[in-house]
file target_32.cif (mmCIF, C-alpha atoms and all ligand atoms)
data_final
#
loop_
_atom_site.label_atom_id
_atom_site.label_comp_id
_atom_site.auth_asym_id
_atom_site.auth_seq_id
_atom_site.Cartn_x
_atom_site.Cartn_y
_atom_site.Cartn_z
CA MET A 19 212.01 -54.13 -47.27
CA SER A 20 213.60 -51.20 -49.10
CA ALA A 21 212.48 -47.61 -48.66
CA PRO A 22 210.65 -46.02 -51.65
CA THR A 23 213.49 -43.53 -52.02
CA ASP A 24 215.99 -46.40 -52.23
CA LEU A 25 213.84 -48.10 -54.87
CA ALA A 26 213.62 -44.90 -56.91
CA ARG A 27 217.37 -44.41 -56.57
CA ALA A 28 217.99 -48.04 -57.64
CA ASP A 29 215.74 -47.52 -60.70
CA GLN A 30 217.59 -44.34 -61.58
CA LEU A 31 220.96 -46.07 -61.16
CA GLY A 32 219.81 -48.95 -63.39
CA PHE A 33 218.65 -46.45 -66.01
CA GLU A 34 221.98 -44.64 -65.94
CA GLN A 35 223.83 -47.93 -66.46
CA PHE A 36 221.45 -48.79 -69.29
CA VAL A 37 221.94 -45.47 -71.12
CA HIS A 38 225.70 -45.89 -70.79
CA SER A 39 225.58 -49.43 -72.25
CA LEU A 40 223.12 -48.41 -74.96
CA ALA A 41 225.48 -45.65 -76.09
CA GLN A 42 228.28 -48.22 -76.45
CA HIS A 43 225.94 -50.63 -78.19
CA LEU A 44 224.83 -48.01 -80.72
CA ARG A 45 228.43 -47.04 -81.40
CA HIS A 46 229.04 -50.62 -82.56
CA THR A 47 226.06 -50.68 -84.95
CA PRO A 48 228.22 -49.99 -88.08
CA PHE A 49 230.06 -53.28 -87.39
CA GLY A 50 226.69 -55.03 -87.72
CA TRP A 51 226.01 -53.25 -90.99
CA ALA A 52 229.43 -54.30 -92.30
CA LEU A 53 228.63 -57.89 -91.30
CA VAL A 54 225.31 -57.84 -93.15
CA LEU A 55 226.90 -56.30 -96.25
CA GLY A 56 229.84 -58.70 -96.21
CA LEU A 57 227.86 -61.89 -95.71
CA SER A 58 225.12 -61.09 -98.22
CA TRP A 59 227.46 -59.61 -100.81
CA GLY A 60 226.67 -61.07 -104.21
CA GLN A 61 223.65 -62.98 -102.86
CA ALA A 62 221.22 -60.08 -102.42
CA PRO A 63 220.52 -57.09 -104.68
CA LEU A 64 222.69 -54.15 -103.67
CA GLY A 65 220.04 -51.43 -104.20
CA PRO A 66 217.59 -52.52 -101.46
CA LEU A 67 220.53 -53.30 -99.17
CA LEU A 68 221.91 -49.77 -99.56
CA LEU A 69 218.42 -48.28 -99.14
CA TRP A 70 218.02 -50.23 -95.85
CA LEU A 71 221.41 -49.08 -94.73
CA GLY A 72 220.69 -45.44 -95.63
CA VAL A 73 217.34 -45.30 -93.82
CA PHE A 74 218.78 -47.15 -90.79
CA ALA A 75 221.72 -44.71 -90.69
CA LEU A 76 219.29 -41.75 -90.83
CA VAL A 77 217.52 -43.04 -87.72
CA TRP A 78 220.72 -44.27 -86.05
CA LEU A 79 222.60 -40.96 -86.20
CA PRO A 80 220.11 -38.84 -84.18
CA SER A 81 219.55 -41.79 -81.84
CA LEU A 82 223.27 -42.06 -81.16
CA TRP A 83 223.52 -38.28 -80.69
CA PHE A 84 220.60 -38.21 -78.26
CA ILE A 85 221.86 -41.13 -76.18
CA TRP A 86 225.39 -39.71 -76.12
CA ARG A 87 224.10 -36.28 -75.00
CA CYS A 88 221.79 -37.86 -72.47
CA GLY A 89 224.69 -39.91 -71.01
CA LYS A 90 226.88 -36.82 -70.87
CA ARG A 91 224.48 -34.58 -68.96
CA GLY A 92 223.33 -37.47 -66.74
CA PRO A 93 220.20 -39.36 -67.74
CA VAL A 94 217.07 -38.79 -65.68
CA LEU A 95 214.68 -41.72 -65.61
CA ALA A 96 211.45 -39.72 -65.31
CA GLN A 97 212.44 -37.32 -68.06
CA ASP A 98 214.35 -39.44 -70.59
CA ARG A 99 212.75 -42.87 -70.36
CA GLY A 100 210.27 -42.24 -73.23
CA VAL A 101 212.85 -41.17 -75.79
CA VAL A 102 215.42 -43.75 -74.69
CA TYR A 103 212.85 -46.54 -75.05
CA ALA A 104 211.85 -45.17 -78.47
CA VAL A 105 215.52 -45.31 -79.51
CA ALA A 106 215.64 -48.96 -78.37
CA ALA A 107 212.49 -49.78 -80.35
CA LEU A 108 213.77 -48.01 -83.50
CA ASP A 109 217.07 -49.87 -83.25
CA GLY A 110 215.20 -53.18 -83.04
CA LEU A 111 213.01 -52.20 -85.98
CA GLY A 112 216.06 -51.21 -88.01
CA TRP A 113 217.45 -54.72 -87.61
CA GLY A 114 214.06 -56.37 -88.06
CA VAL A 115 213.44 -54.86 -91.50
CA VAL A 116 216.66 -56.36 -92.81
CA VAL A 117 214.45 -59.42 -93.31
CA TRP A 118 212.65 -57.50 -96.09
CA VAL A 119 215.91 -57.10 -97.96
CA LEU A 120 217.43 -60.52 -97.44
CA ALA A 121 214.56 -62.99 -96.98
CA GLY A 122 213.21 -65.23 -99.70
CA LEU A 123 216.35 -65.14 -101.86
CA SER A 124 217.67 -68.52 -100.76
CA PRO A 125 217.03 -70.92 -97.84
CA VAL A 126 220.63 -70.39 -96.73
CA LEU A 127 220.16 -66.62 -96.59
CA ASP A 128 216.85 -67.08 -94.74
CA SER A 129 218.55 -69.21 -92.08
CA TRP A 130 221.40 -66.73 -91.92
CA VAL A 131 218.95 -63.85 -91.33
CA LEU A 132 217.38 -65.79 -88.47
CA ALA A 133 220.85 -66.50 -87.02
CA LEU A 134 221.67 -62.78 -87.36
CA LEU A 135 218.53 -61.66 -85.49
CA CYS A 136 218.97 -64.27 -82.74
CA GLY A 137 222.66 -63.40 -82.40
CA LEU A 138 221.88 -59.70 -82.18
CA ALA A 139 219.16 -60.33 -79.59
CA ALA A 140 221.55 -62.46 -77.50
CA LEU A 141 224.34 -59.88 -77.74
CA SER A 142 221.99 -57.05 -76.81
CA ALA A 143 220.75 -58.92 -73.74
CA VAL A 144 223.79 -57.70 -71.81
CA VAL A 145 222.92 -54.10 -72.70
CA TYR A 146 219.30 -54.40 -71.67
CA LEU A 147 219.82 -56.33 -68.42
CA THR A 148 218.83 -53.37 -66.27
CA GLN A 149 215.82 -52.39 -68.46
CA LEU A 150 213.87 -55.47 -69.46
CA GLN A 151 210.92 -53.32 -70.52
CA ALA A 152 213.12 -51.66 -73.15
CA PHE A 153 214.40 -55.10 -74.18
CA ARG A 154 210.82 -56.27 -74.80
CA LEU A 155 210.33 -53.26 -77.06
CA TYR A 156 213.60 -53.95 -78.87
CA LEU A 157 212.77 -57.63 -79.45
CA GLY A 158 209.15 -56.80 -80.31
CA ALA A 159 210.22 -54.26 -82.94
CA MET A 160 212.73 -56.75 -84.36
CA GLY A 161 210.06 -59.47 -84.48
CA LEU A 162 207.59 -57.04 -86.06
CA GLY A 163 209.79 -56.60 -89.14
CA LEU A 164 210.14 -60.36 -89.42
CA LEU A 165 206.44 -61.04 -88.85
CA ALA A 166 205.29 -58.40 -91.35
CA CYS A 167 207.53 -59.93 -94.01
CA VAL A 168 206.20 -63.42 -93.32
CA LEU A 169 202.58 -62.23 -93.36
CA ILE A 170 202.83 -60.02 -96.43
CA ARG A 171 205.50 -61.68 -98.56
CA GLN A 172 205.22 -65.21 -97.20
CA VAL A 173 208.98 -65.31 -96.76
CA PRO A 174 210.93 -66.57 -94.94
CA ASP A 175 209.30 -69.71 -93.75
CA TRP A 176 206.80 -69.42 -90.84
CA ARG A 177 208.94 -71.86 -88.91
CA LEU A 178 211.78 -69.33 -88.88
CA ALA A 179 209.48 -66.62 -87.49
CA ILE A 180 208.25 -69.00 -84.82
CA ALA A 181 211.83 -70.00 -84.00
CA PHE A 182 212.76 -66.35 -83.46
CA GLY A 183 209.68 -65.80 -81.28
CA VAL A 184 210.53 -68.84 -79.11
CA PHE A 185 214.17 -67.73 -78.87
CA ALA A 186 213.13 -64.21 -77.83
CA LEU A 187 210.74 -65.50 -75.18
CA LEU A 188 213.37 -67.91 -73.80
CA LEU A 189 215.90 -65.12 -73.68
CA LEU A 190 213.51 -62.87 -71.76
CA ARG A 191 212.71 -65.69 -69.33
CA LEU A 192 216.39 -66.34 -68.69
CA LEU A 193 217.15 -62.67 -68.20
CA GLN A 194 214.36 -62.02 -65.71
CA PRO A 195 216.03 -63.58 -62.62
CA VAL A 196 219.41 -62.12 -63.55
CA SER A 197 217.87 -58.68 -63.93
CA ALA A 198 216.03 -59.05 -60.59
CA ARG A 199 219.28 -60.05 -58.88
CA LEU A 200 221.02 -57.03 -60.37
CA GLU A 201 218.27 -54.80 -59.02
CA GLN A 202 218.70 -56.38 -55.60
CA GLY A 203 222.44 -55.72 -55.88
CA ARG A 204 221.78 -52.06 -56.66
CA LEU A 205 219.42 -51.82 -53.69
CA HIS A 206 222.08 -53.31 -51.41
CA GLU A 207 224.67 -50.95 -52.82
CA ILE A 208 222.40 -47.96 -52.14
CA GLY A 209 221.55 -49.27 -48.67
CA ASN A 210 225.25 -49.68 -47.89
CA GLU A 211 226.04 -46.22 -49.24
CA SER A 212 223.39 -44.51 -47.12
CA LEU A 213 224.41 -46.56 -44.07
CA ALA A 214 228.05 -45.56 -44.60
CA ALA A 215 227.01 -41.89 -45.01
CA ARG A 216 224.91 -42.03 -41.81
CA LEU A 217 227.73 -43.72 -39.89
CA SER A 218 230.31 -41.22 -41.08
CA ASP A 219 227.95 -38.31 -40.18
CA SER A 220 227.35 -39.67 -36.73
CA LEU A 221 231.05 -40.41 -36.25
CA ALA A 222 231.89 -36.82 -37.25
CA ARG A 223 229.23 -35.54 -34.81
CA LYS A 224 230.58 -37.74 -32.01
CA GLU A 225 234.13 -36.57 -32.73
CA VAL A 226 233.01 -32.94 -32.45
CA GLU A 227 231.06 -33.72 -29.27
CA ALA A 228 234.06 -35.49 -27.75
CA ALA A 229 236.31 -32.52 -28.50
CA THR A 230 234.09 -29.64 -27.43
CA ASP A 231 232.54 -28.30 -24.26
CA ALA A 232 228.77 -28.72 -24.50
CA LEU A 233 227.92 -25.44 -22.74
CA THR A 234 230.17 -22.99 -24.58
CA GLY A 235 231.11 -24.82 -27.78
CA LEU A 236 234.78 -24.18 -26.99
CA LEU A 237 237.38 -26.94 -26.95
CA ASN A 238 237.22 -29.10 -23.85
CA ARG A 239 240.05 -30.09 -21.55
CA ARG A 240 240.78 -33.28 -23.46
CA SER A 241 241.35 -31.33 -26.69
CA LEU A 242 243.46 -28.79 -24.81
CA ASP A 243 245.68 -31.57 -23.43
CA ALA A 244 246.07 -33.01 -26.94
CA LEU A 245 246.99 -29.59 -28.37
CA LEU A 246 249.51 -28.94 -25.62
CA GLN A 247 251.01 -32.38 -26.05
CA ALA A 248 251.30 -31.88 -29.82
CA GLY A 249 252.82 -28.42 -29.37
CA LEU A 250 255.45 -29.61 -26.92
CA SER A 251 256.18 -33.03 -28.35
CA GLY A 252 259.00 -32.14 -30.82
CA PRO A 253 262.71 -32.22 -29.85
CA VAL A 254 262.62 -28.39 -29.77
CA PRO A 255 259.24 -27.18 -28.43
CA ARG A 256 257.50 -24.60 -30.59
CA GLN A 257 257.20 -21.09 -29.24
CA MET A 258 253.82 -20.85 -27.56
CA ALA A 259 252.10 -18.90 -24.81
CA LEU A 260 249.28 -19.97 -22.56
CA LEU A 261 246.73 -17.73 -20.87
CA MET A 262 244.66 -18.98 -17.97
CA LEU A 263 241.51 -16.91 -17.47
CA ASP A 264 239.19 -16.98 -14.48
CA ILE A 265 236.03 -14.88 -14.27
CA ASP A 266 236.14 -12.80 -11.09
CA HIS A 267 233.53 -13.44 -8.41
CA PHE A 268 231.66 -15.79 -10.64
CA LYS A 269 229.99 -17.47 -7.70
CA GLN A 270 228.03 -14.25 -7.08
CA ILE A 271 226.31 -14.59 -10.47
CA ASN A 272 224.99 -18.02 -9.53
CA ASP A 273 224.09 -16.87 -6.04
CA ARG A 274 222.26 -13.74 -7.19
CA HIS A 275 220.65 -14.78 -10.46
CA GLY A 276 220.65 -18.55 -10.46
CA HIS A 277 222.60 -21.26 -12.24
CA ALA A 278 220.93 -20.73 -15.63
CA CYS A 279 222.08 -17.13 -15.63
CA GLY A 280 225.56 -18.34 -14.66
CA ASP A 281 225.51 -20.63 -17.69
CA ALA A 282 224.44 -17.76 -19.96
CA ALA A 283 227.28 -15.64 -18.56
CA LEU A 284 229.76 -18.44 -19.31
CA ARG A 285 228.50 -18.63 -22.89
CA ALA A 286 228.73 -14.85 -23.29
CA PHE A 287 232.24 -14.89 -21.85
CA ALA A 288 233.28 -17.63 -24.28
CA ASP A 289 231.90 -15.61 -27.22
CA ARG A 290 233.69 -12.49 -26.04
CA VAL A 291 237.03 -14.30 -25.83
CA ARG A 292 236.55 -16.14 -29.12
CA ALA A 293 235.84 -12.86 -30.92
CA GLN A 294 239.22 -11.49 -29.82
CA LEU A 295 241.32 -14.41 -31.11
CA ARG A 296 242.86 -15.07 -34.50
CA ASP A 297 242.50 -18.25 -36.56
CA GLY A 298 245.16 -20.60 -35.25
CA ASP A 299 244.74 -19.53 -31.61
CA HIS A 300 242.78 -21.95 -29.45
CA CYS A 301 240.40 -21.40 -26.59
CA ALA A 302 239.27 -24.15 -24.24
CA ARG A 303 237.08 -24.34 -21.19
CA TYR A 304 239.42 -25.71 -18.57
CA GLY A 305 236.70 -26.31 -15.99
CA GLY A 306 233.98 -24.32 -14.20
CA GLU A 307 234.62 -20.64 -14.88
CA GLU A 308 238.26 -21.18 -15.86
CA PHE A 309 239.36 -20.94 -19.48
CA VAL A 310 242.66 -21.45 -21.28
CA VAL A 311 243.83 -19.68 -24.42
CA LEU A 312 246.72 -21.19 -26.38
CA LEU A 313 248.67 -18.80 -28.58
CA PRO A 314 251.00 -20.75 -30.91
CA GLY A 315 254.05 -18.75 -31.95
CA ALA A 316 253.38 -15.94 -29.44
CA SER A 317 256.21 -14.32 -27.47
CA ARG A 318 255.82 -13.20 -23.84
CA GLU A 319 255.18 -9.57 -24.95
CA ARG A 320 252.60 -10.59 -27.52
CA ALA A 321 250.88 -12.89 -25.01
CA VAL A 322 250.63 -10.09 -22.45
CA GLU A 323 249.26 -7.77 -25.15
CA ILE A 324 246.55 -10.28 -26.07
CA ALA A 325 245.76 -11.03 -22.42
CA GLU A 326 245.34 -7.31 -21.77
CA ARG A 327 243.08 -7.04 -24.81
CA LEU A 328 240.94 -9.89 -23.51
CA ARG A 329 240.74 -8.35 -20.06
CA LEU A 330 239.61 -5.01 -21.50
CA ALA A 331 237.08 -6.73 -23.78
CA VAL A 332 235.45 -8.32 -20.71
CA GLN A 333 235.67 -5.18 -18.64
CA GLY A 334 234.42 -2.90 -21.40
CA GLN A 335 230.93 -4.33 -21.73
CA PRO A 336 228.69 -6.31 -19.35
CA LEU A 337 228.58 -10.03 -20.06
CA LEU A 338 224.79 -9.94 -19.80
CA SER A 339 222.50 -6.96 -19.78
CA GLN A 340 219.33 -8.62 -18.52
CA PRO A 341 219.96 -9.22 -15.63
CA LEU A 342 223.05 -7.05 -15.51
CA VAL A 343 226.13 -9.24 -15.15
CA ASP A 344 229.23 -7.12 -15.19
CA ASN A 345 232.16 -9.23 -14.04
CA THR A 346 235.83 -8.83 -14.82
CA VAL A 347 238.49 -11.44 -15.56
CA SER A 348 241.90 -12.25 -14.09
CA ILE A 349 244.53 -13.74 -16.36
CA GLY A 350 247.76 -15.66 -15.74
CA VAL A 351 250.29 -15.88 -18.59
CA SER A 352 253.03 -18.44 -19.13
CA VAL A 353 255.31 -19.06 -22.13
CA VAL A 354 257.00 -22.27 -23.19
CA ALA A 355 260.42 -22.88 -21.66
CA PRO A 356 262.94 -25.59 -22.69
CA MET A 357 262.03 -29.11 -21.50
CA ASP A 358 258.49 -27.98 -20.65
CA GLN A 359 255.73 -30.54 -20.26
CA PRO A 360 252.08 -29.45 -20.65
CA ALA A 361 251.60 -29.62 -16.87
CA HIS A 362 254.52 -27.19 -16.29
CA LEU A 363 253.03 -24.59 -18.59
CA LEU A 364 249.62 -24.95 -16.94
CA GLU A 365 251.06 -24.81 -13.41
CA ARG A 366 252.98 -21.60 -14.13
CA ALA A 367 249.93 -19.93 -15.68
CA ASP A 368 247.84 -21.07 -12.72
CA ALA A 369 250.35 -19.60 -10.28
CA ALA A 370 250.31 -16.30 -12.22
CA LEU A 371 246.51 -16.34 -12.16
CA TYR A 372 246.55 -16.93 -8.41
CA ARG A 373 248.77 -13.86 -8.10
CA ALA A 374 246.39 -11.80 -10.26
CA LYS A 375 243.52 -12.81 -7.97
CA SER A 376 245.41 -12.06 -4.78
CA GLU A 377 246.63 -8.69 -6.08
CA GLY A 378 243.05 -7.51 -6.50
CA ARG A 379 241.64 -9.30 -9.62
CA ASN A 380 240.88 -7.76 -13.05
CA ARG A 381 244.53 -7.88 -14.03
CA VAL A 382 247.12 -9.80 -16.05
CA CYS A 383 250.13 -11.42 -14.31
CA VAL A 384 253.00 -13.17 -16.03
CA ALA A 385 254.71 -16.29 -14.69
N1 LIG B 401 226.38 -21.65 -13.79
C1 LIG B 401 227.50 -22.37 -13.74
N2 LIG B 401 228.33 -22.22 -12.69
C2 LIG B 401 229.45 -22.93 -12.62
C3 LIG B 401 229.78 -23.83 -13.64
N3 LIG B 401 230.97 -24.39 -13.31
C4 LIG B 401 231.37 -23.84 -12.13
N4 LIG B 401 230.44 -22.94 -11.72
C5 LIG B 401 230.45 -22.14 -10.52
O1 LIG B 401 231.54 -21.23 -10.54
C6 LIG B 401 231.75 -20.81 -9.23
C7 LIG B 401 233.23 -20.64 -9.00
O2 LIG B 401 233.37 -20.06 -7.76
P1 LIG B 401 234.75 -19.77 -7.06
O3 LIG B 401 235.70 -20.89 -7.42
O4 LIG B 401 234.49 -19.56 -5.62
O5 LIG B 401 235.32 -18.50 -7.71
P2 LIG B 401 234.73 -17.06 -7.96
O6 LIG B 401 233.38 -16.87 -7.31
O7 LIG B 401 234.74 -16.83 -9.42
O8 LIG B 401 235.75 -16.17 -7.26
P3 LIG B 401 237.20 -15.81 -7.75
O9 LIG B 401 237.60 -16.80 -8.78
O10 LIG B 401 238.05 -15.91 -6.51
O11 LIG B 401 237.12 -14.45 -8.29
C8 LIG B 401 231.13 -21.86 -8.33
O12 LIG B 401 230.01 -21.30 -7.69
C9 LIG B 401 230.68 -22.95 -9.29
O13 LIG B 401 229.47 -23.55 -8.87
C10 LIG B 401 228.86 -24.00 -14.73
O14 LIG B 401 229.07 -24.77 -15.66
N5 LIG B 401 227.76 -23.25 -14.74
#

call {"tool": "encode", "arguments": {"input": "target_32.cif", "output": "structure tokens"}}
result
Amino acid sequence: MSAPTDLARADQLGFEQFVHSLAQHLRHTPFGWALVLGLSWGQAPLGPLLLWLGVFALVWLPSLWFIWRCGKRGPVLAQDRGVVYAVAALDGLGWGVVVWVLAGLSPVLDSWVLALLCGLAALSAVVYLTQLQAFRLYLGAMGLGLLACVLIRQVPDWRLAIAFGVFALLLLRLLQPVSARLEQGRLHEIGNESLAARLSDSLARKEVEAATDALTGLLNRRSLDALLQAGLSGPVPRQMALLMLDIDHFKQINDRHGHACGDAALRAFADRVRAQLRDGDHCARYGGEEFVVLLPGASRERAVEIAERLRLAVQGQPLLSQPLVDNTVSIGVSVVAPMDQPAHLLERADAALYRAKSEGRNRVCVA
């Protein structure tokens, strides 16, 4: 069972395909006129033929323009259906009234007119496959010209009118299952599209979840490992510095104000650090109240400068004001050395951090 939105979308898609095909169909109308002129040349009076052609062309030109414009701006079923269907009906009528010009002149011409109308109807079936309602109008308008001629002028023979009617009904009957199958196909296509969009959305969400720390929104340890690995994987490792940050006396926040307050302090700390970094620098939560900042391209001096800036940014303003949480941060700095593996860089920064803690906290130490 398809959702109403899918059905509406399938209808709209069918309509778009129809307008596109109708535009092509109308562009080929002059070939039909040439066929009529060529085959009835010398057998039908030229005056009525040219009059038919002139009037048809007067209707055809604005129809073609409208359908072309509609196709260009993107047809909208609810808005354009009326005019598009009117164009279809006028096109059918244009061909139907050719009977008035050609019928009754000779039995051969009468049969030829019937063959022309049936051939046109069969050719147009492909165009109208997605809009059978419009096809009914087209065939009805065509048949109307024929029927009016038979009723009023008694030409061509009734049998020819009946033959066209039977042919039109058969054609519609044959098209119905094909058209229904096409609609099913469109529904499947739309269903597949929305499924693919949902899957790709959820995959993107899962990828973000797998790469980030849920509490702070920073990169998690897995992403940090991948970044380090990528940074150190070339034959000559890229210049890079690593800062390991640890909030001083963090345990006291939990002990005094509770775990939720500790979480809020971690989030505030993450925001504070993030605000100090440039695009291209990375910040990850390494675990607990330990964070790592990766500074691609940074020298030892630059890394120390940034670490000092981070330290002052934490010291300068309480992490939380209600309740007051005013902790400082200790930072260990390491820079990439030849033959370094990610673990080496982390170990050196950790050792520098340990030194910063043991020397009294709230300071930056370099490995
Ligand atoms: N609220 C909260 N607390 C955490 C989280 N992860 C780790 N902690 C707490 O962080 C505290 C870390 O304490 P310690 O390792 O003793 O370090 P510290 O109190 O910061 O002391 P120093 O690092 O020596 O300055 C522990 O109490 C952990 O329970 C977390 O996600 N949320």

call {"tool": "axis_aligned_box", "arguments": {"input": "target_32.cif", "around": "ligand LIG 401 (chain B)", "padding_each_side": "4 Å", "output": "JSON"}}
result
{"center_x": 232.2, "center_y": -19.6, "center_z": -10.6, "size_x": 19.7, "size_y": 18.3, "size_z": 18.0}

call {"tool": "residues_around", "arguments": {"input": "target_32.cif", "residues": "Leu337 in chain A", "least_positions_apart": "4", "cutoff": "12 Å", "atoms": "all atoms listed in the file", "output": "list of chain:residue names"}}
result
A:Ile265, A:Phe268, A:Ile271, A:Cys279, A:Gly280, A:Asp281, A:Ala282, A:Ala283, A:Leu284, A:Arg285, A:Ala286, A:Phe287, A:Ala288, A:Asp289, A:Arg290, A:Val291, A:Ala331, A:Val332, A:Gln333, A:Pro341, A:Leu342, A:Val343, A:Asp344, A:Asn345, A:Thr346, A:Val347

call {"tool": "write_last_selection", "arguments": {"input": "target_32.cif", "atoms": "C-alpha atoms", "output": "CSV table (one decimal), in the coordinates of the input"}}
result
chain,number,residue,atom,x,y,z
A,265,ILE,CA,236.0,-14.9,-14.3
A,268,PHE,CA,231.7,-15.8,-10.6
A,271,ILE,CA,226.3,-14.6,-10.5
A,279,CYS,CA,222.1,-17.1,-15.6
A,280,GLY,CA,225.6,-18.3,-14.7
A,281,ASP,CA,225.5,-20.6,-17.7
A,282,ALA,CA,224.4,-17.8,-20.0
A,283,ALA,CA,227.3,-15.6,-18.6
A,284,LEU,CA,229.8,-18.4,-19.3
A,285,ARG,CA,228.5,-18.6,-22.9
A,286,ALA,CA,228.7,-14.8,-23.3
A,287,PHE,CA,232.2,-14.9,-21.8
A,288,ALA,CA,233.3,-17.6,-24.3
A,289,ASP,CA,231.9,-15.6,-27.2
A,290,ARG,CA,233.7,-12.5,-26.0
A,291,VAL,CA,237.0,-14.3,-25.8
A,331,ALA,CA,237.1,-6.7,-23.8
A,332,VAL,CA,235.4,-8.3,-20.7
A,333,GLN,CA,235.7,-5.2,-18.6
A,341,PRO,CA,220.0,-9.2,-15.6
A,342,LEU,CA,223.0,-7.0,-15.5
A,343,VAL,CA,226.1,-9.2,-15.2
A,344,ASP,CA,229.2,-7.1,-15.2
A,345,ASN,CA,232.2,-9.2,-14.0
A,346,THR,CA,235.8,-8.8,-14.8
A,347,VAL,CA,238.5,-11.4,-15.6

call {"tool": "residues_near_ligand", "arguments": {"input": "target_32.cif", "ligand": "ligand LIG 401 (chain B)", "cutoff": "12 Å", "atoms": "only C-alpha atoms and all ligand atoms", "output": "PyMOL selection string"}}
result
chain A and resi 231-234+262-288+303-309+345-349+368+371-381

call {"tool": "atom_distance", "arguments": {"input": "target_32.cif", "atom1": "CA of Leu250 in chain A", "atom2": "CA of Leu330 in chain A"}}
result
29.8 Å

call {"tool": "atom_distance", "arguments": {"input": "target_32.cif", "atom1": "CA of His43 in chain A", "atom2": "CA of Pro66 in chain A"}}
result
24.8 Å

call {"tool": "residues_around", "arguments": {"input": "target_32.cif", "residues": "Ala229 in chain A", "least_positions_apart": "2", "cutoff": "10 Å", "atoms": "only C-alpha atoms", "output": "list of chain:residue names"}}
result
A:Arg223, A:Lys224, A:Glu225, A:Val226, A:Glu227, A:Asp231, A:Ala232, A:Gly235, A:Leu236, A:Leu237, A:Asn238, A:Arg239, A:Arg240, A:Ser241, A:Leu242, A:Ala244, A:Ala302

call {"tool": "atom_distance", "arguments": {"input": "target_32.cif", "atom1": "CA of Ala159 in chain A", "atom2": "CA of Leu108 in chain A"}}
result
7.2 Å

call {"tool": "closest_residue", "arguments": {"input": "target_32.cif", "among": "A:Ile324, A:Leu260, A:Ala361, A:Leu338", "to": "Val311 in chain A", "atoms": "all atoms listed in the file"}}
result
A:Leu260

call {"tool": "closest_residue", "arguments": {"input": "target_32.cif", "among": "A:Leu155, A:Ala385, A:Ala21, A:Leu31", "to": "Arg204 in chain A", "atoms": "all atoms listed in the file"}}
result
A:Leu31

call {"tool": "build_atoms", "arguments": {"input": "target_32.cif", "residues": "range 328-341 of chain A", "atoms": "N, CA and C atoms", "output": "CSV table (one decimal), in the coordinates of the input"}}
result
chain,number,residue,atom,x,y,z
A,328,LEU,N,242.1,-9.1,-24.0
A,328,LEU,CA,240.9,-9.9,-23.5
A,328,LEU,C,240.3,-9.3,-22.2
A,329,ARG,N,241.2,-8.9,-21.3
A,329,ARG,CA,240.7,-8.4,-20.1
A,329,ARG,C,239.9,-7.1,-20.3
A,330,LEU,N,240.4,-6.2,-21.2
A,330,LEU,CA,239.6,-5.0,-21.5
A,330,LEU,C,238.3,-5.3,-22.2
A,331,ALA,N,238.3,-6.4,-23.1
A,331,ALA,CA,237.1,-6.7,-23.8
A,331,ALA,C,236.0,-7.2,-22.8
A,332,VAL,N,236.4,-7.9,-21.7
A,332,VAL,CA,235.4,-8.3,-20.7
A,332,VAL,C,235.0,-7.1,-19.8
A,333,GLN,N,236.0,-6.3,-19.5
A,333,GLN,CA,235.7,-5.2,-18.6
A,333,GLN,C,234.8,-4.1,-19.4
A,334,GLY,N,235.0,-4.0,-20.6
A,334,GLY,CA,234.4,-2.9,-21.4
A,334,GLY,C,232.9,-3.0,-21.6
A,335,GLN,N,232.4,-4.2,-21.5
A,335,GLN,CA,230.9,-4.3,-21.7
A,335,GLN,C,230.4,-5.4,-20.8
A,336,PRO,N,229.2,-5.3,-20.2
A,336,PRO,CA,228.7,-6.3,-19.4
A,336,PRO,C,228.5,-7.6,-20.1
A,337,LEU,N,228.8,-8.7,-19.4
A,337,LEU,CA,228.6,-10.0,-20.1
A,337,LEU,C,227.1,-10.2,-20.4
A,338,LEU,N,226.2,-9.9,-19.5
A,338,LEU,CA,224.8,-9.9,-19.8
A,338,LEU,C,224.2,-8.6,-19.4
A,339,SER,N,223.1,-8.2,-20.1
A,339,SER,CA,222.5,-7.0,-19.8
A,339,SER,C,221.2,-7.2,-19.0
A,340,GLN,N,220.6,-8.4,-19.2
A,340,GLN,CA,219.3,-8.6,-18.5
A,340,GLN,C,219.3,-10.0,-17.9
A,341,PRO,N,219.6,-10.2,-16.6
A,341,PRO,CA,220.0,-9.2,-15.6
A,341,PRO,C,221.4,-8.7,-15.9
